[in-house]
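Report on the structure given below.
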Amino acid sequence: NSFCAGAPVEVVEVSFGVLLPITEAQFNETVELRYVTEIAESLGVPVENVAIVSVTVVEGGIVIETEVSVTPSGDEDAEDVVSKLEDVDLSWLPTGESESEGGEPPRAVIQNVTTTVTEVIAKQECPEHSQSPPGSTSAADCVCNAGFYGGGEGGCEVCPPNSFCAGAPVEVVEVSFGVLLPITEAQFNETVELRYVTEIAESLGVPVENVAIVSVTVVEGGIVIETEVSVTPSGDEDAEDVVSKLEDVDLSWLPTGESESEGGEPPRAVIQNVTTTVTEVIAKQECPEHSQSPPGSTSAADCVCNAGFYGGGEGGCEVCPPNSFCAGA
């Protein structure tokens, strides 16, 4: 459930004492756990990165010698890490005996702070609702749990209603390409654009929302549509099979005869600059027609037929026959 990219990152080891205005008896297991949790949340680290080295009784309370291991984010450095300690909230301390003379809630007094910066190969946790096998090297190895979809750095979302997410990774082919269309930019209006996207989607067998137009550029002989498509191949298909389907895109419906070739043939898309990227994600699969499922569903068995239909699961739903009724429950 983590990954190790093999690139060194800076880790700040912080050692400090925290003066708490409470008695040693008040620093019981419950208070200790919350203290560790407050430190961890203030520094943005897991609780296991916070270690209490010793507890010493002093005048005015106790001193908690603490060590924390922090991997700074972005442009943060050791000073930024230390400054976060000033925001530790101890207003929840167990009794009013610990309040300051002004009646303010007690605050941690940080003392004897030392920092050591080292470079290590860090272990990074997978996003929530995902897991990875031992030896994983990138966020792409983190696959969503059953009932969720997505994966990698994009994280995992709960499976929406009327679909199911089995939790098994599938290959997704991201295809980027340019399509030379022998029409003018003015002819590529909203109606034509919608039909273009629909033709690409139908040729590749994907929903229209999986097709994105990145740019439209005027060139000699027409326009070039830079397009991106996300495809989940079926069966034994691979990236090459996906690309080959683009050759069957039908543009014979283009708005004017001005776009016809010299031989009078209907215009064809000219595919150029094709690139493909294959990744593994947890796919969201739609329930069969006339069925529905609750959020977080994990298999086709969770898809139940709507009222007026019967069956369900992978077998699909059929219309309720004469002389019978199907309540859909």
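Identifiers in this document derive from the order of the structure tokens: chains are assigned A, B, ..., residues are numbered from 1 separately in each chain, and ligands are numbered from 1 in order of occurrence.
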Legend entry - Long-range neighbours of Asp241 in chain A as a list of chain:residue names, 12 Å cut-off, only C-alpha atoms, 2 positions minimum in chain: A:Val173, A:Val175, A:Ser203, A:Leu204, A:Gly205, A:Val231, A:Thr232, A:Pro233, A:Ser234, A:Gly235, A:Asp236, A:Glu237, A:Asp238, A:Ala239, A:Val243, A:Ser244, A:Lys245, A:Leu246, A:Glu247, A:Asp248, A:Thr276
Legend entry - Within 9 Å of Glu67 in chain A using only C-alpha atoms, minus same-chain residues under 6 positions, as an MDAnalysis selection string: chainID A and resid 13:17 49:53
Inset, instruction - as a PyMOL selection string, list the residues of range 162-312 of chain A assigned to strand (DSSP E) by DSSP on the backbone atoms of this structure. - result: chain A and resi 163-164+169-181+211-219+222-231+270-282+285-286+291-292+304-305+309-311
Inset, instruction - List every residue of range 23-168 of chain A that DSSP, applied to the backbone of this structure, assigns to alpha helix (DSSP H), and report them as a PyMOL selection string. - result: chain A and resi 29-43+78-84
Could those selected residues go to a file with N, CA, C and O atoms, as an mmCIF file, in the first residue's frame?
```cif
data_model
loop_
_atom_site.group_PDB
_atom_site.id
_atom_site.type_symbol
_atom_site.label_atom_id
_atom_site.label_comp_id
_atom_site.auth_asym_id
_atom_site.auth_seq_id
_atom_site.Cartn_x
_atom_site.Cartn_y
_atom_site.Cartn_z
ATOM 1 N N GLU A 29 -2.302 7.724 29.170
ATOM 2 C CA GLU A 29 -2.252 7.172 27.811
ATOM 3 C C GLU A 29 -3.139 7.945 26.847
ATOM 4 O O GLU A 29 -2.778 8.171 25.691
ATOM 5 N N THR A 30 -4.326 8.341 27.322
ATOM 6 C CA THR A 30 -5.259 9.070 26.451
ATOM 7 C C THR A 30 -4.680 10.421 26.042
ATOM 8 O O THR A 30 -4.719 10.815 24.871
ATOM 9 N N VAL A 31 -4.123 11.150 27.039
ATOM 10 C CA VAL A 31 -3.545 12.461 26.756
ATOM 11 C C VAL A 31 -2.306 12.309 25.864
ATOM 12 O O VAL A 31 -2.076 13.089 24.943
ATOM 13 N N GLU A 32 -1.489 11.278 26.147
ATOM 14 C CA GLU A 32 -0.295 11.041 25.341
ATOM 15 C C GLU A 32 -0.659 10.800 23.878
ATOM 16 O O GLU A 32 -0.021 11.356 22.969
ATOM 17 N N LEU A 33 -1.696 9.988 23.649
ATOM 18 C CA LEU A 33 -2.114 9.709 22.275
ATOM 19 C C LEU A 33 -2.571 10.977 21.578
ATOM 20 O O LEU A 33 -2.224 11.229 20.418
ATOM 21 N N ARG A 34 -3.324 11.806 22.304
ATOM 22 C CA ARG A 34 -3.804 13.030 21.665
ATOM 23 C C ARG A 34 -2.657 14.004 21.424
ATOM 24 O O ARG A 34 -2.637 14.714 20.415
ATOM 25 N N TYR A 35 -1.691 14.040 22.359
ATOM 26 C CA TYR A 35 -0.511 14.887 22.165
ATOM 27 C C TYR A 35 0.211 14.492 20.880
ATOM 28 O O TYR A 35 0.550 15.341 20.043
ATOM 29 N N VAL A 36 0.462 13.198 20.723
ATOM 30 C CA VAL A 36 1.146 12.716 19.520
ATOM 31 C C VAL A 36 0.336 13.059 18.278
ATOM 32 O O VAL A 36 0.878 13.479 17.248
ATOM 33 N N THR A 37 -0.983 12.903 18.374
ATOM 34 C CA THR A 37 -1.855 13.201 17.230
ATOM 35 C C THR A 37 -1.799 14.678 16.864
ATOM 36 O O THR A 37 -1.728 15.037 15.676
ATOM 37 N N GLU A 38 -1.809 15.560 17.880
ATOM 38 C CA GLU A 38 -1.741 17.005 17.619
ATOM 39 C C GLU A 38 -0.426 17.376 16.941
ATOM 40 O O GLU A 38 -0.394 18.164 15.992
ATOM 41 N N ILE A 39 0.685 16.795 17.431
ATOM 42 C CA ILE A 39 1.978 17.070 16.809
ATOM 43 C C ILE A 39 1.972 16.590 15.357
ATOM 44 O O ILE A 39 2.404 17.295 14.436
ATOM 45 N N ALA A 40 1.469 15.372 15.140
ATOM 46 C CA ALA A 40 1.449 14.792 13.795
ATOM 47 C C ALA A 40 0.611 15.640 12.844
ATOM 48 O O ALA A 40 1.026 15.919 11.710
ATOM 49 N N GLU A 41 -0.578 16.076 13.291
ATOM 50 C CA GLU A 41 -1.454 16.862 12.426
ATOM 51 C C GLU A 41 -0.858 18.243 12.134
ATOM 52 O O GLU A 41 -0.974 18.754 11.015
ATOM 53 N N SER A 42 -0.206 18.840 13.128
ATOM 54 C CA SER A 42 0.398 20.166 12.923
ATOM 55 C C SER A 42 1.523 20.108 11.897
ATOM 56 O O SER A 42 1.704 21.009 11.093
ATOM 57 N N LEU A 43 2.293 19.003 11.916
ATOM 58 C CA LEU A 43 3.420 18.864 10.993
ATOM 59 C C LEU A 43 3.043 18.112 9.720
ATOM 60 O O LEU A 43 3.854 17.995 8.806
ATOM 61 N N ALA A 78 13.625 23.050 6.669
ATOM 62 C CA ALA A 78 13.613 22.721 8.094
ATOM 63 C C ALA A 78 12.982 23.839 8.927
ATOM 64 O O ALA A 78 12.246 23.571 9.883
ATOM 65 N N GLU A 79 13.225 25.114 8.559
ATOM 66 C CA GLU A 79 12.648 26.224 9.314
ATOM 67 C C GLU A 79 11.128 26.220 9.223
ATOM 68 O O GLU A 79 10.436 26.510 10.197
ATOM 69 N N ASP A 80 10.615 25.900 8.040
ATOM 70 C CA ASP A 80 9.152 25.845 7.877
ATOM 71 C C ASP A 80 8.559 24.745 8.745
ATOM 72 O O ASP A 80 7.476 24.905 9.321
ATOM 73 N N VAL A 81 9.277 23.627 8.835
ATOM 74 C CA VAL A 81 8.795 22.520 9.666
ATOM 75 C C VAL A 81 8.725 22.952 11.125
ATOM 76 O O VAL A 81 7.722 22.746 11.815
ATOM 77 N N VAL A 82 9.791 23.587 11.618
ATOM 78 C CA VAL A 82 9.837 24.021 13.017
ATOM 79 C C VAL A 82 8.745 25.047 13.305
ATOM 80 O O VAL A 82 8.108 25.019 14.365
ATOM 81 N N SER A 83 8.507 25.965 12.371
ATOM 82 C CA SER A 83 7.493 27.006 12.598
ATOM 83 C C SER A 83 6.104 26.422 12.804
ATOM 84 O O SER A 83 5.272 27.000 13.505
ATOM 85 N N LYS A 84 5.841 25.253 12.206
ATOM 86 C CA LYS A 84 4.530 24.620 12.365
ATOM 87 C C LYS A 84 4.287 24.166 13.798
ATOM 88 O O LYS A 84 3.139 24.038 14.231
#
```
Extract, using only C-alpha atoms, all DNA, RNA and protein residues at most 7 Å from range 298-306 of chain A, discarding same-chain residues fewer than 4 positions from it, and format them as a short mmCIF file (atom, residue, chain, number, x, y, z; two decimals) with C-alpha atoms, in the first residue's frame.
```cif
data_model
loop_
_atom_site.label_atom_id
_atom_site.label_comp_id
_atom_site.auth_asym_id
_atom_site.auth_seq_id
_atom_site.Cartn_x
_atom_site.Cartn_y
_atom_site.Cartn_z
CA ALA A 146 -13.26 -2.80 -4.95
CA GLY A 147 -16.09 -0.27 -4.96
CA ASN A 162 -25.73 2.36 -11.84
CA PHE A 164 -19.78 -1.33 -10.57
CA CYS A 165 -16.05 -1.29 -9.87
CA ALA A 166 -14.53 -4.71 -9.34
CA CYS A 287 -24.60 -1.73 -15.34
CA HIS A 290 -32.50 -1.42 -17.70
CA SER A 291 -30.68 -2.03 -14.41
CA GLN A 292 -29.21 0.03 -11.60
CA SER A 293 -26.87 -0.29 -8.62
CA TYR A 310 -36.37 -9.19 -14.83
CA GLY A 311 -33.02 -10.95 -14.66
CA GLY A 312 -29.99 -8.93 -13.62
CA GLY A 313 -26.24 -9.18 -13.19
CA GLU A 314 -24.09 -10.05 -16.18
CA CYS A 317 -32.45 -7.53 -17.91
CA GLY A 328 -37.86 -4.40 -9.72
#
```
Inset, instruction - To one decimal in Å, tell me the separation between CA of Asn210 in chain A and CA of Ser176 in chain A. - result: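 These two atoms are separated by 12.0 Å.
Closest approach to Thr191 in chain A from the set A:Val278, A:Leu254, A:Val117, A:Cys126 is made by A:Leu254, with distances taken over only C-alpha atoms.
Using only C-alpha atoms, the shortest contact distance between Glu286 in chain A and any of A:Thr66, A:Asn112, A:Ser163, A:Ser91 is found at A:Ser163.
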Legend entry - Å distance separating CA of Tyr196 in chain A from CA of Val216 in chain A, one decimal place: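 One can read the CA of Tyr196 in chain A to CA of Val216 in chain A distance as 12.5 Å.
Interatomic distance, CA of Gln187 in chain A against CA of Val208 in chain A: 20.8 Å.
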